[in-house]
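Notes to accompany the following structure.
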Amino acid sequence: MGKPGILVDLRETGPNPSTRELFKRFEKALNSSRIKRLWAFLSERIRGVNIGPFGVVFDRVVGESITLSELFDIFDDYAASEGAPFTVALDEVQEARGYKSLQAAIAHSYDYNSHVRFVLTGSQVGLLEDFLGERDASAYLFGRAINRVEVKRLSKERSLDFLNKGFHACGVKPPEELERVVEALDGIVGWLAHYGNYKIKGLNTNEIMRSAVMLELEEVKKLRGKYYQPILQALAQGGASWSYIYRFVSAAVDTSERQFNEALKQLVKYGYVEKSEEGYTIADPVLRLAITKNWEKIW
């Protein structure tokens, strides 16, 4: 990250992770940072933090002897001693949206820790906004100033440039199939990077697309509710109006407008569906391929 900091991976924590789970995620992030001066700083100040052969080790008592707010206070003290700000990046932070103590700790740090900076990332924009409490006056983070950076789709030209530069930087000749790949991945930076990463490792395109589709199907399986799958199936072939989707879903399962609207609203919040003046579409091209099961025919 350039300046001192840690990247905490919050994927798969579940909406209500235990304190122990969160501290384990911070332990892993601290060890990945390789900031040995910080390791020593923590071990001197927190009961239950030791330095082992591979970095810091948080004993079970850590979650009881210190709160996240106090951990951030120590990060602030460390940053002050180093004369440089310290960045805490929380990846997929919406995954821990039910853990109010994390939100409270960030709010505390925002108010009292002048040397700590937070970068919060999330692929599900609606849930990330819920975590930030942008529309909830009772939320811990409500009213805090934020700088928003949205990663938009790349144009076809920029997608090709992104991949070509990536392959050249790795000393690999760009594959001839790039135009077809760019068309299929529709400018989604994450999927373009996924393709480039695995192509360099020697996988063929069919294997790469299969792995991407499997990742999306695993995410879809997490959706609980009988309306989500029919809604996605209604949108699998392209954009559709509210009335078309409602008729499609009503033919598949018993529903009411209220239940249907709530399910559709949640899919938009989760980032699976996009709403525009023209209607609704599946946001992710790989998810669209997964729902239609057409990816094998394309590749």
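Just so we're on the same page: first chain in the structure tokens is A, next is B, and so on; residues restart at 1 for each chain, and ligands are numbered from 1 in the order they show up.
The neighbours of segment 113-116 of chain A here are the residues that come within 12 Å of it, using only C-alpha atoms and leaving out any residue fewer than 6 positions away in the same chain; they are Lys3, Pro4, Gly5, Ile6, Ser69, Glu70, Leu71, Phe72, Asp73, Ile74, Phe75, Asp76, Asp77, Tyr78, Ala79, Ala80, Ser81, Glu82, Gly83, Ala84, Pro85, Phe86, Thr87, Val88, Ala89, Ala105, Ile106 and Ala107 of chain A.
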For this session: Could you find all residues in segment 5-111 of chain A that DSSP calls strand (DSSP E or B) from the backbone, and write them as a PyMOL selection string?
Result: chain A and resi 5-9+49-52+55-58+86-91
What does the file look like for those residues with C-alpha atoms, as a short mmCIF file (atom, residue, chain, number, x, y, z; two decimals), in the first residue's frame?
data_model
loop_
_atom_site.label_atom_id
_atom_site.label_comp_id
_atom_site.auth_asym_id
_atom_site.auth_seq_id
_atom_site.Cartn_x
_atom_site.Cartn_y
_atom_site.Cartn_z
CA GLY A 5 -0.80 -0.42 6.82
CA ILE A 6 -2.62 -3.74 6.79
CA LEU A 7 -5.15 -5.38 4.49
CA VAL A 8 -7.80 -7.33 6.42
CA ASP A 9 -9.71 -9.92 4.37
CA VAL A 49 0.05 -11.13 21.83
CA ASN A 50 3.34 -12.96 21.25
CA ILE A 51 5.86 -13.06 18.43
CA GLY A 52 6.39 -16.48 16.87
CA GLY A 55 4.83 -13.30 13.05
CA VAL A 56 2.44 -12.28 15.80
CA VAL A 57 0.23 -14.83 17.51
CA PHE A 58 -3.03 -13.76 19.16
CA PHE A 86 -1.29 3.99 9.26
CA THR A 87 -3.89 2.55 6.88
CA VAL A 88 -6.37 -0.16 7.83
CA ALA A 89 -7.93 -1.57 4.65
CA LEU A 90 -10.97 -3.78 5.22
CA ASP A 91 -11.76 -5.86 2.12
#
Would you write out, as a tab-separated table, a table of all residues in segment 121-162 of chain A that have an atom no more than 10 Å from an atom of segment 262-272 of chain A, listing for each the closest atom pair and the distance in Å to one decimal, considering only C-alpha atoms and ordering rows by chain and rising residue number?
residue	atom	partner	partner_atom	distance
A:Ser123	CA	A:Gly271	CA	7.3
A:Gln124	CA	A:Gly271	CA	4.9
A:Val125	CA	A:Gly271	CA	6.3
A:Gly126	CA	A:Lys269	CA	4.1
A:Leu127	CA	A:Lys269	CA	6.1
A:Leu128	CA	A:Lys269	CA	9.0
A:Glu129	CA	A:Lys269	CA	9.1
A:Asp130	CA	A:Lys269	CA	9.2
Please produce a file of those selected residues containing C-alpha atoms, as a PDB file, in the first residue's frame.
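Output file result_6.pdb is given in full below:
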ATOM      1  CA  SER A 123     -18.369  -5.644  -4.149  1.00  0.00           C
ATOM      2  CA  GLN A 124     -21.994  -5.378  -2.969  1.00  0.00           C
ATOM      3  CA  VAL A 125     -22.576  -1.639  -2.985  1.00  0.00           C
ATOM      4  CA  GLY A 126     -25.974  -1.665  -1.305  1.00  0.00           C
ATOM      5  CA  LEU A 127     -24.719  -3.717   1.633  1.00  0.00           C
ATOM      6  CA  LEU A 128     -21.601  -1.551   1.883  1.00  0.00           C
ATOM      7  CA  GLU A 129     -23.849   1.501   2.147  1.00  0.00           C
ATOM      8  CA  ASP A 130     -25.780  -0.281   4.903  1.00  0.00           C
TER       9      ASP A 130
END
Tell me which protein, DNA and RNA residues are within 9 Å of Ser241 of chain A, counting only C-alpha atoms, leaving out same-chain ones fewer than 5 positions away, and put them as a compact mmCIF listing (two decimals) with N, CA and C atoms, in the first residue's frame.
# COMPACT_ATOMS: atom_id res chain seq x y z
N TYR A 246 -42.14 -9.97 -12.98
CA TYR A 246 -43.18 -10.37 -12.03
C TYR A 246 -44.04 -11.49 -12.61
N GLU A 278 -34.49 1.75 -18.27
CA GLU A 278 -35.00 0.74 -19.22
C GLU A 278 -35.55 -0.50 -18.53
N GLY A 279 -35.21 -0.69 -17.27
CA GLY A 279 -35.68 -1.88 -16.55
C GLY A 279 -34.59 -2.46 -15.68
N TYR A 280 -34.52 -3.79 -15.64
CA TYR A 280 -33.57 -4.48 -14.77
C TYR A 280 -32.68 -5.40 -15.61
Problem set entry | In segment 62-299 of chain A, DSSP helix (DSSP H, G or I) residues written as a PyMOL selection string | chain A and resi 62-65+68-82+93-96+100-112+125-132+156-169+178-185+189-200+205-221+228-235+242-252+257-270+285-292+295-298
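Of the listed residues A:Val189, A:Leu120, A:Cys170, A:Leu203, the one whose atoms come nearest to Val149 of chain A is A:Leu120, with distances taken using only C-alpha atoms.
Using only C-alpha atoms, the nearest neighbour of Gly143 of chain A within the list A:Lys199, A:Tyr99, A:Lys28, A:Asp111 is A:Asp111.
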For this session: Would you kindly return, as a ChimeraX atom specification, each protein, DNA or RNA residue with an atom no farther than 12 Å from any atom of segment 156-163 of chain A, considering only C-alpha atoms and excluding same-chain residues fewer than 3 positions away?
Result: /A:152-153,166-170,172-197,199-200
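Closest approach to Ala212 of chain A among A:Leu287, A:Ile35, A:Leu154, A:Leu141: A:Leu287, based on only C-alpha atoms.
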Problem set entry | Selection: 12 Å around Gly98 of chain A, only C-alpha atoms, excl. self and same-chain fewer than 3 positions, as a VMD selection string | chain A and resid 13 to 19 93 to 95 101 to 104 127 to 128 130 to 133 139
What does the file look like for those residues with C-alpha atoms, as a short mmCIF file (atom, residue, chain, number, x, y, z; two decimals), in the first residue's frame?
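Dumped to selection.cif:
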data_model
loop_
_atom_site.label_atom_id
_atom_site.label_comp_id
_atom_site.auth_asym_id
_atom_site.auth_seq_id
_atom_site.Cartn_x
_atom_site.Cartn_y
_atom_site.Cartn_z
CA THR A 13 -16.85 -14.10 7.86
CA GLY A 14 -20.63 -14.17 7.78
CA PRO A 15 -22.73 -11.16 8.80
CA ASN A 16 -22.18 -11.77 12.54
CA PRO A 17 -18.59 -12.96 13.05
CA SER A 18 -17.32 -13.72 16.52
CA THR A 19 -14.82 -11.41 18.20
CA VAL A 93 -16.32 -5.15 4.80
CA GLN A 94 -20.05 -5.61 4.17
CA GLU A 95 -19.54 -9.30 5.00
CA SER A 101 -18.56 -3.43 17.43
CA LEU A 102 -16.52 -3.11 14.23
CA GLN A 103 -18.60 -0.14 13.09
CA ALA A 104 -18.32 1.40 16.56
CA LEU A 127 -24.72 -3.72 1.63
CA LEU A 128 -21.60 -1.55 1.88
CA ASP A 130 -25.78 -0.28 4.90
CA PHE A 131 -22.52 -0.89 6.77
CA LEU A 132 -21.66 2.81 6.47
CA GLY A 133 -25.13 3.73 7.70
CA ALA A 139 -25.79 4.02 12.80
#
Seminar exercise, completed: Computed gap from atom CA of Gly238 of chain A to atom CA of Lys222 of chain A is 22.9 Å
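Interatomic distance, atom CA of Asn164 of chain A against atom CA of Thr205 of chain A: 15.9 Å.
A straight line drawn from atom CA of Thr292 of chain A to atom CA of Glu218 of chain A is 15.2 Å long.
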Problem set entry | Spatial neighbours of Leu232 of chain A, max dist 10 Å, only C-alpha atoms, sep filter under 4 positions, as a PyMOL selection string | chain A and resi 220+227-228+236-237+245+249+264+267+272-273+281-282+287-288+291-292
